[in-house]
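One structure below.
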Amino acid sequence: MPIMTSPSWRVIPSVRDLRTLDAALSSPSPDVLLSNVHIGNLVSLSSRVHAMRKNVFVQSDLIGGFRADPDGILLLRNNFKVDGVFTSSHQTLALAKRTGMRRYYRVALMDSRSVTTALQALKGFQGDGVELLPAAVALDVHAQFRDVLPDSEILAGGFIRTDEMLSALRDAGLSGATTSNISLWSEHHEISTRN
């Protein structure tokens, strides 16, 4: 049975290459984000993650062979045993809410207009949090998102390659980060960034 905690700071392994799944399962994170899966392997991958008492998240926009319609979202929860979704689709967020899955809105920050548009779209947002991409821009604008979403998690993702970037994100007050960089998943890093 997975755990559903939301610690004040965490690094979520983003598994783009399934050869790195074992490293993600060995990490101290209570969550694993499966970023590159298809419906043919999602059941077995979800089972492996749950066997390690971790939560399974997926980027629902990137699941091969999957359609994020009402039936598809129900299948994610009931058949594939997914605990939460990361998505840039408002429709998918609304459908996932009905299932009780945790929901994170992915926000691509390309320019000041995209920040303004995202902030307007998030008024009244009832998901669990947002993932701001890329992380370097998240550092600059996260406070604006915190003002709109005072009770939600603010995560950063995209181009997180160093311990220094993770430390900067944590020190700035973000809730956590998603990264596919295996070297940043280690327990040593988790301990060092908490102090």
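By order of appearance in the structure tokens: chains A, B, ..., then residues from 1 within every chain, and ligands from 1 in the order shown.
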
Give me, as a count of residues only, all polymer residues having an atom no more than 9 Å from stretch 106-117 of chain A, counting only C-alpha atoms and skipping those fewer than 6 positions away in the same chain. 15

Quick one: residues within 10 Å of A:Arg170, only C-alpha atoms, excluding same-chain residues fewer than 5 positions away - as a list of chain:residue names?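 Counting only C-alpha atoms, the residues come to A:Ser8, A:Trp9, A:Arg10, A:Val11, A:Leu139, A:Leu155, A:Ala156, A:Glu164, A:Met165, A:Ser175, A:Gly176, A:Ala177, A:Thr193, A:Arg194.
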
Mind giving me the straight-line distance from atom CA of A:Ala24 to atom CA of A:Asp140 in Å, one decimal?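 Straight-line distance from atom CA of A:Ala24 to atom CA of A:Asp140 works out to 28.3 Å.
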
When you look at A:Phe125 with a cut-off of 12 Å (counting only C-alpha atoms), what residues show up, excluding the ones that are within fewer than 3 positions of it in the same chain? I need them as JSON, numbers by chain. {"A": [90, 93, 94, 97, 103, 104, 105, 118, 119, 120, 121, 122, 128, 129, 130, 145, 148, 149, 150, 151, 152, 153]}

Can you tell me, as a list in words, what residues are no more than 8 Å from stretch 71-77 of chain A when counting only C-alpha atoms, ignoring any on the same chain fewer than 2 positions away?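 The contact residues come out as Phe66, Arg67, Ala68, Asp69, Asn79, Phe80, Lys81, Val82, Asp83, Thr92, Leu95, Ala96, Thr99 and Met101 of chain A.
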
When you count only C-alpha atoms, which of these residues is closest to A:His50: A:Leu184, A:Ala168, A:Ile12, A:Val32?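 Comparing A:Leu184, A:Ala168, A:Ile12, A:Val32 against A:His50, the winner is A:Val32.
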
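Using only C-alpha atoms, the shortest contact distance between A:Arg16 and any of A:Leu34, A:Ala172, A:Ile182, A:Ser29 is found at A:Leu34.
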
Atomic separation - atom CA of A:Arg161 relative to atom CA of A:Asp61, Å: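 Atom CA of A:Arg161 lies 23.5 Å from atom CA of A:Asp61.
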
I need the residues of chain A that end up classed as strand (DSSP E) by DSSP on the backbone, written out as a PyMOL selection string. chain A and resi 10-15+31-34+55-59+84-87+102-108+129-133+153-157+176-179

Give the alpha helix (DSSP H) residues of stretch 20-151 of chain A, as DSSP finds them on the backbone, and put them as a CSV table (one decimal) with all heavy atoms, in the first residue's frame.
```csv
chain,number,residue,atom,x,y,z
A,21,LEU,N,14.6,2.8,-13.2
A,21,LEU,CA,13.5,2.6,-12.2
A,21,LEU,C,14.0,2.0,-10.9
A,21,LEU,O,13.6,2.5,-9.8
A,21,LEU,CB,12.4,1.7,-12.8
A,21,LEU,CG,11.2,1.4,-11.9
A,21,LEU,CD1,10.5,2.7,-11.5
A,21,LEU,CD2,10.3,0.4,-12.5
A,22,ASP,N,15.0,1.1,-10.9
A,22,ASP,CA,15.5,0.6,-9.7
A,22,ASP,C,16.1,1.7,-8.8
A,22,ASP,O,16.0,1.7,-7.6
A,22,ASP,CB,16.5,-0.5,-9.9
A,22,ASP,CG,15.8,-1.8,-10.4
A,22,ASP,OD1,14.6,-2.0,-10.2
A,22,ASP,OD2,16.5,-2.6,-11.1
A,23,ALA,N,16.8,2.6,-9.4
A,23,ALA,CA,17.4,3.7,-8.7
A,23,ALA,C,16.3,4.6,-8.1
A,23,ALA,O,16.4,5.0,-6.9
A,23,ALA,CB,18.3,4.6,-9.6
A,24,ALA,N,15.2,4.8,-8.8
A,24,ALA,CA,14.1,5.6,-8.2
A,24,ALA,C,13.5,4.9,-7.1
A,24,ALA,O,13.1,5.5,-6.1
A,24,ALA,CB,13.1,5.9,-9.3
A,25,LEU,N,13.4,3.5,-7.2
A,25,LEU,CA,12.7,2.8,-6.1
A,25,LEU,C,13.6,2.7,-4.9
A,25,LEU,O,13.1,2.5,-3.8
A,25,LEU,CB,12.4,1.3,-6.6
A,25,LEU,CG,11.4,1.2,-7.7
A,25,LEU,CD1,11.2,-0.2,-8.2
A,25,LEU,CD2,10.1,1.8,-7.3
A,26,SER,N,14.9,2.9,-5.1
A,26,SER,CA,15.9,2.9,-3.9
A,26,SER,C,16.0,4.2,-3.3
A,26,SER,O,16.6,4.4,-2.3
A,26,SER,CB,17.3,2.4,-4.4
A,26,SER,OG,17.2,1.1,-4.9
A,42,LEU,N,2.2,-0.2,-17.9
A,42,LEU,CA,1.9,0.6,-16.7
A,42,LEU,C,1.4,-0.2,-15.5
A,42,LEU,O,1.8,0.1,-14.4
A,42,LEU,CB,0.8,1.6,-17.1
A,42,LEU,CG,0.5,2.6,-16.0
A,42,LEU,CD1,1.7,3.3,-15.5
A,42,LEU,CD2,-0.5,3.7,-16.6
A,43,VAL,N,0.7,-1.3,-15.7
A,43,VAL,CA,0.2,-2.2,-14.6
A,43,VAL,C,1.4,-2.7,-13.9
A,43,VAL,O,1.5,-2.7,-12.6
A,43,VAL,CB,-0.7,-3.3,-15.1
A,43,VAL,CG1,-1.0,-4.3,-14.0
A,43,VAL,CG2,-2.1,-2.7,-15.5
A,44,SER,N,2.4,-3.3,-14.6
A,44,SER,CA,3.5,-4.0,-14.0
A,44,SER,C,4.4,-2.9,-13.3
A,44,SER,O,4.9,-3.2,-12.2
A,44,SER,CB,4.3,-4.8,-15.0
A,44,SER,OG,4.8,-4.0,-16.0
A,45,LEU,N,4.6,-1.8,-13.9
A,45,LEU,CA,5.4,-0.7,-13.3
A,45,LEU,C,4.8,-0.2,-12.1
A,45,LEU,O,5.4,0.0,-11.0
A,45,LEU,CB,5.7,0.4,-14.3
A,45,LEU,CG,6.5,0.0,-15.5
A,45,LEU,CD1,6.5,1.2,-16.5
A,45,LEU,CD2,7.9,-0.3,-15.1
A,46,SER,N,3.5,0.0,-12.1
A,46,SER,CA,2.7,0.5,-10.9
A,46,SER,C,2.9,-0.5,-9.8
A,46,SER,O,3.1,-0.1,-8.6
A,46,SER,CB,1.3,0.8,-11.3
A,46,SER,OG,0.5,1.3,-10.2
A,47,SER,N,2.7,-1.7,-10.1
A,47,SER,CA,2.9,-2.8,-9.1
A,47,SER,C,4.3,-2.8,-8.4
A,47,SER,O,4.4,-2.9,-7.2
A,47,SER,CB,2.6,-4.2,-9.7
A,47,SER,OG,1.3,-4.3,-10.1
A,48,ARG,N,5.3,-2.6,-9.2
A,48,ARG,CA,6.7,-2.5,-8.7
A,48,ARG,C,6.8,-1.3,-7.8
A,48,ARG,O,7.5,-1.5,-6.7
A,48,ARG,CB,7.7,-2.5,-9.8
A,48,ARG,CG,7.9,-3.8,-10.6
A,48,ARG,CD,9.0,-3.7,-11.6
A,48,ARG,NE,10.3,-3.4,-10.9
A,48,ARG,CZ,11.4,-3.0,-11.5
A,48,ARG,NH1,11.4,-2.8,-12.8
A,48,ARG,NH2,12.5,-2.8,-10.9
A,49,VAL,N,6.3,-0.2,-8.2
A,49,VAL,CA,6.4,1.0,-7.3
A,49,VAL,C,5.7,0.8,-6.0
A,49,VAL,O,6.2,1.1,-5.0
A,49,VAL,CB,6.0,2.3,-8.1
A,49,VAL,CG1,6.0,3.5,-7.2
A,49,VAL,CG2,6.8,2.5,-9.3
A,50,HIS,N,4.5,0.3,-6.1
A,50,HIS,CA,3.7,0.1,-4.9
A,50,HIS,C,4.3,-1.0,-4.0
A,50,HIS,O,4.2,-0.9,-2.8
A,50,HIS,CB,2.3,-0.3,-5.2
A,50,HIS,CG,1.4,0.8,-5.7
A,50,HIS,ND1,0.3,0.7,-6.5
A,50,HIS,CD2,1.5,2.2,-5.5
A,50,HIS,CE1,-0.3,1.8,-6.7
A,50,HIS,NE2,0.5,2.8,-6.1
A,51,ALA,N,5.0,-1.9,-4.6
A,51,ALA,CA,5.6,-3.0,-3.7
A,51,ALA,C,6.7,-2.4,-2.9
A,51,ALA,O,7.0,-2.9,-1.8
A,51,ALA,CB,6.2,-4.1,-4.6
A,70,PRO,N,-12.9,10.5,-19.9
A,70,PRO,CA,-13.4,10.0,-18.6
A,70,PRO,C,-13.1,8.6,-18.4
A,70,PRO,O,-12.7,8.2,-17.2
A,70,PRO,CB,-14.9,10.3,-18.7
A,70,PRO,CG,-15.0,11.5,-19.6
A,70,PRO,CD,-14.0,11.3,-20.6
A,71,ASP,N,-13.3,7.7,-19.4
A,71,ASP,CA,-13.0,6.3,-19.2
A,71,ASP,C,-11.5,6.0,-18.9
A,71,ASP,O,-11.1,5.2,-18.1
A,71,ASP,CB,-13.5,5.5,-20.4
A,71,ASP,CG,-15.0,5.4,-20.5
A,71,ASP,OD1,-15.7,5.6,-19.5
A,71,ASP,OD2,-15.5,5.3,-21.7
A,72,GLY,N,-10.7,6.8,-19.7
A,72,GLY,CA,-9.2,6.6,-19.5
A,72,GLY,C,-8.7,7.0,-18.1
A,72,GLY,O,-7.9,6.3,-17.5
A,73,ILE,N,-9.3,8.1,-17.6
A,73,ILE,CA,-8.8,8.5,-16.3
A,73,ILE,C,-9.3,7.5,-15.2
A,73,ILE,O,-8.6,7.2,-14.3
A,73,ILE,CB,-9.4,9.9,-16.0
A,73,ILE,CG1,-8.8,10.9,-17.0
A,73,ILE,CG2,-9.1,10.3,-14.5
A,73,ILE,CD1,-7.3,11.1,-16.9
A,74,LEU,N,-10.5,7.0,-15.4
A,74,LEU,CA,-11.0,5.9,-14.5
A,74,LEU,C,-10.1,4.7,-14.5
A,74,LEU,O,-9.8,4.1,-13.5
A,74,LEU,CB,-12.4,5.5,-14.8
A,74,LEU,CG,-13.5,6.4,-14.2
A,74,LEU,CD1,-14.9,6.0,-14.7
A,74,LEU,CD2,-13.5,6.4,-12.7
A,75,LEU,N,-9.7,4.3,-15.7
A,75,LEU,CA,-8.7,3.2,-15.9
A,75,LEU,C,-7.4,3.5,-15.2
A,75,LEU,O,-6.8,2.6,-14.5
A,75,LEU,CB,-8.5,2.9,-17.3
A,75,LEU,CG,-9.6,2.2,-18.1
A,75,LEU,CD1,-9.3,2.1,-19.6
A,75,LEU,CD2,-9.8,0.8,-17.6
A,76,LEU,N,-6.9,4.7,-15.3
A,76,LEU,CA,-5.7,5.0,-14.6
A,76,LEU,C,-5.8,4.7,-13.1
A,76,LEU,O,-4.8,4.1,-12.5
A,76,LEU,CB,-5.3,6.5,-14.8
A,76,LEU,CG,-4.6,7.0,-16.0
A,76,LEU,CD1,-4.2,8.4,-15.9
A,76,LEU,CD2,-3.3,6.1,-16.3
A,77,ARG,N,-6.8,5.1,-12.5
A,77,ARG,CA,-7.0,4.9,-11.1
A,77,ARG,C,-7.4,3.5,-10.7
A,77,ARG,O,-6.8,2.9,-9.8
A,77,ARG,CB,-8.1,5.9,-10.5
A,77,ARG,CG,-8.3,5.8,-9.1
A,77,ARG,CD,-7.1,6.2,-8.3
A,77,ARG,NE,-7.3,6.3,-6.9
A,77,ARG,CZ,-6.4,6.2,-6.0
A,77,ARG,NH1,-5.1,6.0,-6.3
A,77,ARG,NH2,-6.6,6.3,-4.7
A,78,ASN,N,-8.4,2.9,-11.4
A,78,ASN,CA,-8.9,1.6,-11.0
A,78,ASN,C,-8.2,0.4,-11.5
A,78,ASN,O,-8.0,-0.6,-10.8
A,78,ASN,CB,-10.4,1.6,-11.4
A,78,ASN,CG,-11.3,2.6,-10.7
A,78,ASN,OD1,-10.9,3.0,-9.6
A,78,ASN,ND2,-12.3,3.0,-11.3
A,90,HIS,N,-6.4,21.1,-18.3
A,90,HIS,CA,-7.4,21.4,-17.3
A,90,HIS,C,-8.5,20.3,-17.3
A,90,HIS,O,-9.0,20.0,-16.2
A,90,HIS,CB,-8.1,22.8,-17.6
A,90,HIS,CG,-7.2,23.9,-17.3
A,90,HIS,ND1,-7.0,24.4,-16.0
A,90,HIS,CD2,-6.5,24.7,-18.1
A,90,HIS,CE1,-6.1,25.4,-16.1
A,90,HIS,NE2,-5.8,25.6,-17.3
A,91,GLN,N,-8.9,19.8,-18.4
A,91,GLN,CA,-9.9,18.7,-18.5
A,91,GLN,C,-9.4,17.5,-17.7
A,91,GLN,O,-10.2,16.9,-17.0
A,91,GLN,CB,-10.2,18.4,-19.9
A,91,GLN,CG,-11.2,17.3,-20.1
A,91,GLN,CD,-11.5,16.9,-21.5
A,91,GLN,OE1,-11.1,17.5,-22.4
A,91,GLN,NE2,-12.3,15.8,-21.7
A,92,THR,N,-8.2,17.1,-17.9
A,92,THR,CA,-7.6,15.9,-17.2
A,92,THR,C,-7.6,16.2,-15.7
A,92,THR,O,-8.0,15.3,-15.0
A,92,THR,CB,-6.2,15.6,-17.7
A,92,THR,OG1,-6.3,15.3,-19.1
A,92,THR,CG2,-5.6,14.4,-17.0
A,93,LEU,N,-7.3,17.4,-15.3
A,93,LEU,CA,-7.3,17.7,-13.9
A,93,LEU,C,-8.7,17.5,-13.3
A,93,LEU,O,-8.9,17.0,-12.2
A,93,LEU,CB,-6.8,19.1,-13.6
A,93,LEU,CG,-5.3,19.3,-13.9
A,93,LEU,CD1,-5.0,20.8,-13.9
A,93,LEU,CD2,-4.5,18.6,-12.8
A,94,ALA,N,-9.7,18.0,-14.0
A,94,ALA,CA,-11.1,17.9,-13.6
A,94,ALA,C,-11.5,16.5,-13.5
A,94,ALA,O,-12.2,16.1,-12.5
A,94,ALA,CB,-12.0,18.7,-14.5
A,95,LEU,N,-11.2,15.7,-14.5
A,95,LEU,CA,-11.6,14.3,-14.5
A,95,LEU,C,-10.9,13.5,-13.4
A,95,LEU,O,-11.5,12.7,-12.7
A,95,LEU,CB,-11.2,13.6,-15.9
A,95,LEU,CG,-12.1,14.1,-17.1
A,95,LEU,CD1,-11.5,13.6,-18.4
A,95,LEU,CD2,-13.5,13.8,-16.9
A,96,ALA,N,-9.6,13.8,-13.2
A,96,ALA,CA,-8.8,13.1,-12.1
A,96,ALA,C,-9.4,13.5,-10.7
A,96,ALA,O,-9.3,12.6,-9.8
A,96,ALA,CB,-7.4,13.5,-12.2
A,97,LYS,N,-9.9,14.7,-10.6
A,97,LYS,CA,-10.4,15.1,-9.3
A,97,LYS,C,-11.6,14.1,-8.8
A,97,LYS,O,-11.7,13.8,-7.7
A,97,LYS,CB,-11.0,16.5,-9.3
A,97,LYS,CG,-11.6,17.0,-8.0
A,97,LYS,CD,-12.1,18.4,-8.2
A,97,LYS,CE,-12.7,18.9,-6.8
A,97,LYS,NZ,-13.2,20.2,-6.9
A,98,ARG,N,-12.4,13.7,-9.8
A,98,ARG,CA,-13.5,12.8,-9.5
A,98,ARG,C,-13.0,11.4,-9.0
A,98,ARG,O,-13.8,10.7,-8.3
A,98,ARG,CB,-14.4,12.6,-10.7
A,98,ARG,CG,-15.0,13.9,-11.2
A,98,ARG,CD,-15.8,13.6,-12.5
A,98,ARG,NE,-16.1,14.8,-13.2
A,98,ARG,CZ,-16.5,14.9,-14.4
A,98,ARG,NH1,-16.6,13.8,-15.1
A,98,ARG,NH2,-16.7,16.1,-15.0
A,99,THR,N,-11.8,11.0,-9.3
A,99,THR,CA,-11.3,9.7,-8.9
A,99,THR,C,-10.6,9.7,-7.6
A,99,THR,O,-10.3,8.7,-7.0
A,99,THR,CB,-10.3,9.2,-10.0
A,99,THR,OG1,-9.1,10.0,-9.9
A,99,THR,CG2,-10.9,9.2,-11.4
A,112,SER,N,6.8,36.3,-20.0
A,112,SER,CA,6.0,36.9,-18.9
A,112,SER,C,4.5,36.7,-19.2
A,112,SER,O,3.7,36.6,-18.3
A,112,SER,CB,6.3,38.4,-18.8
A,112,SER,OG,6.1,39.1,-20.1
A,113,ARG,N,4.1,36.6,-20.5
A,113,ARG,CA,2.7,36.4,-20.8
A,113,ARG,C,2.3,35.0,-20.3
A,113,ARG,O,1.2,34.9,-19.8
A,113,ARG,CB,2.5,36.5,-22.3
A,113,ARG,CG,1.1,36.3,-22.7
A,113,ARG,CD,0.9,36.5,-24.2
A,113,ARG,NE,1.0,37.9,-24.5
A,113,ARG,CZ,0.8,38.5,-25.7
A,113,ARG,NH1,0.5,37.7,-26.7
A,113,ARG,NH2,1.0,39.8,-25.9
A,114,SER,N,3.1,34.0,-20.5
A,114,SER,CA,2.8,32.7,-20.1
A,114,SER,C,2.6,32.6,-18.5
A,114,SER,O,1.7,31.9,-18.0
A,114,SER,CB,3.8,31.6,-20.5
A,114,SER,OG,5.0,31.8,-19.9
A,115,VAL,N,3.4,33.4,-17.8
A,115,VAL,CA,3.2,33.5,-16.4
A,115,VAL,C,1.9,34.1,-16.0
A,115,VAL,O,1.1,33.6,-15.2
A,115,VAL,CB,4.4,34.3,-15.7
A,115,VAL,CG1,4.1,34.6,-14.2
A,115,VAL,CG2,5.7,33.6,-15.9
A,116,THR,N,1.5,35.2,-16.6
A,116,THR,CA,0.3,35.9,-16.4
A,116,THR,C,-0.9,35.0,-16.7
A,116,THR,O,-1.9,34.9,-16.0
A,116,THR,CB,0.2,37.2,-17.2
A,116,THR,OG1,1.3,38.1,-16.9
A,116,THR,CG2,-1.1,37.9,-17.0
A,117,THR,N,-0.8,34.3,-17.9
A,117,THR,CA,-1.9,33.4,-18.3
A,117,THR,C,-2.1,32.3,-17.3
A,117,THR,O,-3.2,32.0,-16.9
A,117,THR,CB,-1.6,32.9,-19.7
A,117,THR,OG1,-1.5,34.0,-20.6
A,117,THR,CG2,-2.7,31.9,-20.2
A,118,ALA,N,-1.0,31.7,-16.9
A,118,ALA,CA,-1.1,30.6,-15.9
A,118,ALA,C,-1.6,31.1,-14.6
A,118,ALA,O,-2.5,30.4,-14.0
A,118,ALA,CB,0.3,30.0,-15.7
A,119,LEU,N,-1.2,32.2,-14.1
A,119,LEU,CA,-1.7,32.7,-12.8
A,119,LEU,C,-3.3,32.9,-12.9
A,119,LEU,O,-4.0,32.6,-12.0
A,119,LEU,CB,-1.0,34.0,-12.4
A,119,LEU,CG,0.4,33.8,-12.0
A,119,LEU,CD1,1.1,35.2,-11.9
A,119,LEU,CD2,0.5,33.1,-10.7
A,120,GLN,N,-3.7,33.5,-14.0
A,120,GLN,CA,-5.2,33.7,-14.2
A,120,GLN,C,-5.9,32.3,-14.2
A,120,GLN,O,-7.0,32.2,-13.6
A,120,GLN,CB,-5.5,34.5,-15.4
A,120,GLN,CG,-5.0,35.9,-15.3
A,120,GLN,CD,-5.1,36.7,-16.7
A,120,GLN,OE1,-5.3,36.1,-17.7
A,120,GLN,NE2,-5.0,38.0,-16.6
A,121,ALA,N,-5.3,31.4,-14.9
A,121,ALA,CA,-6.0,30.0,-15.1
A,121,ALA,C,-6.0,29.3,-13.7
A,121,ALA,O,-6.9,28.4,-13.5
A,121,ALA,CB,-5.2,29.2,-16.1
A,135,ALA,N,13.0,25.0,-14.2
A,135,ALA,CA,13.3,25.3,-12.8
A,135,ALA,C,14.0,26.7,-12.6
A,135,ALA,O,13.7,27.4,-11.6
A,135,ALA,CB,14.2,24.2,-12.2
A,136,ALA,N,14.8,27.1,-13.5
A,136,ALA,CA,15.5,28.4,-13.4
A,136,ALA,C,14.5,29.5,-13.4
A,136,ALA,O,14.6,30.5,-12.7
A,136,ALA,CB,16.5,28.5,-14.5
A,137,VAL,N,13.4,29.4,-14.2
A,137,VAL,CA,12.4,30.4,-14.2
A,137,VAL,C,11.5,30.3,-13.0
A,137,VAL,O,11.1,31.3,-12.4
A,137,VAL,CB,11.5,30.3,-15.5
A,137,VAL,CG1,10.4,31.4,-15.5
A,137,VAL,CG2,12.4,30.4,-16.7
A,138,ALA,N,11.3,29.0,-12.5
A,138,ALA,CA,10.5,28.8,-11.3
A,138,ALA,C,11.1,29.6,-10.1
A,138,ALA,O,10.4,30.1,-9.3
A,138,ALA,CB,10.4,27.3,-11.0
A,139,LEU,N,12.4,29.6,-10.1
A,139,LEU,CA,13.1,30.3,-9.0
A,139,LEU,C,12.7,31.8,-9.0
A,139,LEU,O,12.5,32.4,-7.9
A,139,LEU,CB,14.6,30.2,-9.2
A,139,LEU,CG,15.3,29.1,-8.5
A,139,LEU,CD1,16.8,29.1,-8.9
A,139,LEU,CD2,15.1,29.1,-7.0
A,140,ASP,N,12.5,32.3,-10.2
A,140,ASP,CA,12.2,33.8,-10.3
A,140,ASP,C,10.8,34.1,-10.1
A,140,ASP,O,10.5,35.2,-9.6
A,140,ASP,CB,12.6,34.2,-11.7
A,140,ASP,CG,12.5,35.7,-11.9
A,140,ASP,OD1,13.0,36.4,-11.0
A,140,ASP,OD2,12.0,36.2,-12.9
A,141,VAL,N,9.8,33.2,-10.3
A,141,VAL,CA,8.4,33.6,-10.3
A,141,VAL,C,7.6,32.8,-9.3
A,141,VAL,O,6.4,33.0,-9.2
A,141,VAL,CB,7.8,33.4,-11.7
A,141,VAL,CG1,8.5,34.3,-12.7
A,141,VAL,CG2,7.7,32.0,-12.2
A,142,HIS,N,8.2,31.8,-8.6
A,142,HIS,CA,7.4,31.0,-7.7
A,142,HIS,C,6.6,31.7,-6.7
A,142,HIS,O,5.5,31.3,-6.3
A,142,HIS,CB,8.3,29.9,-7.0
A,142,HIS,CG,9.1,30.5,-6.0
A,142,HIS,ND1,8.8,30.6,-4.7
A,142,HIS,CD2,10.4,31.0,-6.0
A,142,HIS,CE1,9.7,31.1,-4.0
A,142,HIS,NE2,10.7,31.4,-4.8
A,143,ALA,N,7.0,32.9,-6.2
A,143,ALA,CA,6.3,33.6,-5.2
A,143,ALA,C,5.0,34.1,-5.7
A,143,ALA,O,4.0,34.2,-5.0
A,143,ALA,CB,7.1,34.8,-4.7
A,144,GLN,N,4.9,34.4,-7.0
A,144,GLN,CA,3.6,34.8,-7.6
A,144,GLN,C,2.6,33.7,-7.6
A,144,GLN,O,1.4,33.9,-7.3
A,144,GLN,CB,3.8,35.3,-9.0
A,144,GLN,CG,4.7,36.6,-9.1
A,144,GLN,CD,5.0,36.9,-10.6
A,144,GLN,OE1,4.1,37.1,-11.4
A,144,GLN,NE2,6.3,36.8,-10.9
A,145,PHE,N,3.1,32.5,-7.8
A,145,PHE,CA,2.2,31.3,-7.7
A,145,PHE,C,1.8,31.0,-6.3
A,145,PHE,O,0.7,30.5,-6.0
A,145,PHE,CB,2.9,30.1,-8.4
A,145,PHE,CG,2.9,30.2,-9.9
A,145,PHE,CD1,4.0,30.9,-10.6
A,145,PHE,CD2,1.9,29.7,-10.7
A,145,PHE,CE1,4.0,31.1,-11.9
A,145,PHE,CE2,1.9,29.8,-12.1
A,145,PHE,CZ,2.9,30.5,-12.7
A,146,ARG,N,2.7,31.2,-5.4
A,146,ARG,CA,2.4,31.0,-4.0
A,146,ARG,C,1.3,31.9,-3.5
A,146,ARG,O,0.4,31.5,-2.7
A,146,ARG,CB,3.7,31.2,-3.1
A,146,ARG,CG,3.5,31.1,-1.6
A,146,ARG,CD,3.0,29.7,-1.1
A,146,ARG,NE,3.9,28.6,-1.4
A,146,ARG,CZ,3.6,27.4,-1.6
A,146,ARG,NH1,2.3,27.0,-1.7
A,146,ARG,NH2,4.5,26.5,-1.9
A,147,ASP,N,1.3,33.2,-4.0
A,147,ASP,CA,0.2,34.1,-3.7
A,147,ASP,C,-1.1,33.6,-4.1
A,147,ASP,O,-2.1,33.8,-3.4
A,147,ASP,CB,0.5,35.5,-4.3
A,147,ASP,CG,1.7,36.2,-3.6
A,147,ASP,OD1,2.0,35.8,-2.5
A,147,ASP,OD2,2.2,37.1,-4.3
A,148,VAL,N,-1.2,33.0,-5.3
A,148,VAL,CA,-2.4,32.5,-5.9
A,148,VAL,C,-2.8,31.1,-5.3
A,148,VAL,O,-4.0,30.8,-5.1
A,148,VAL,CB,-2.3,32.4,-7.4
A,148,VAL,CG1,-3.6,31.7,-8.0
A,148,VAL,CG2,-2.1,33.7,-8.0
```

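With distances taken over only C-alpha atoms, A:Asp163 is the one residue among A:Gly127, A:Gly84, A:Asp163, A:Val15 lying closest to A:Ser186.
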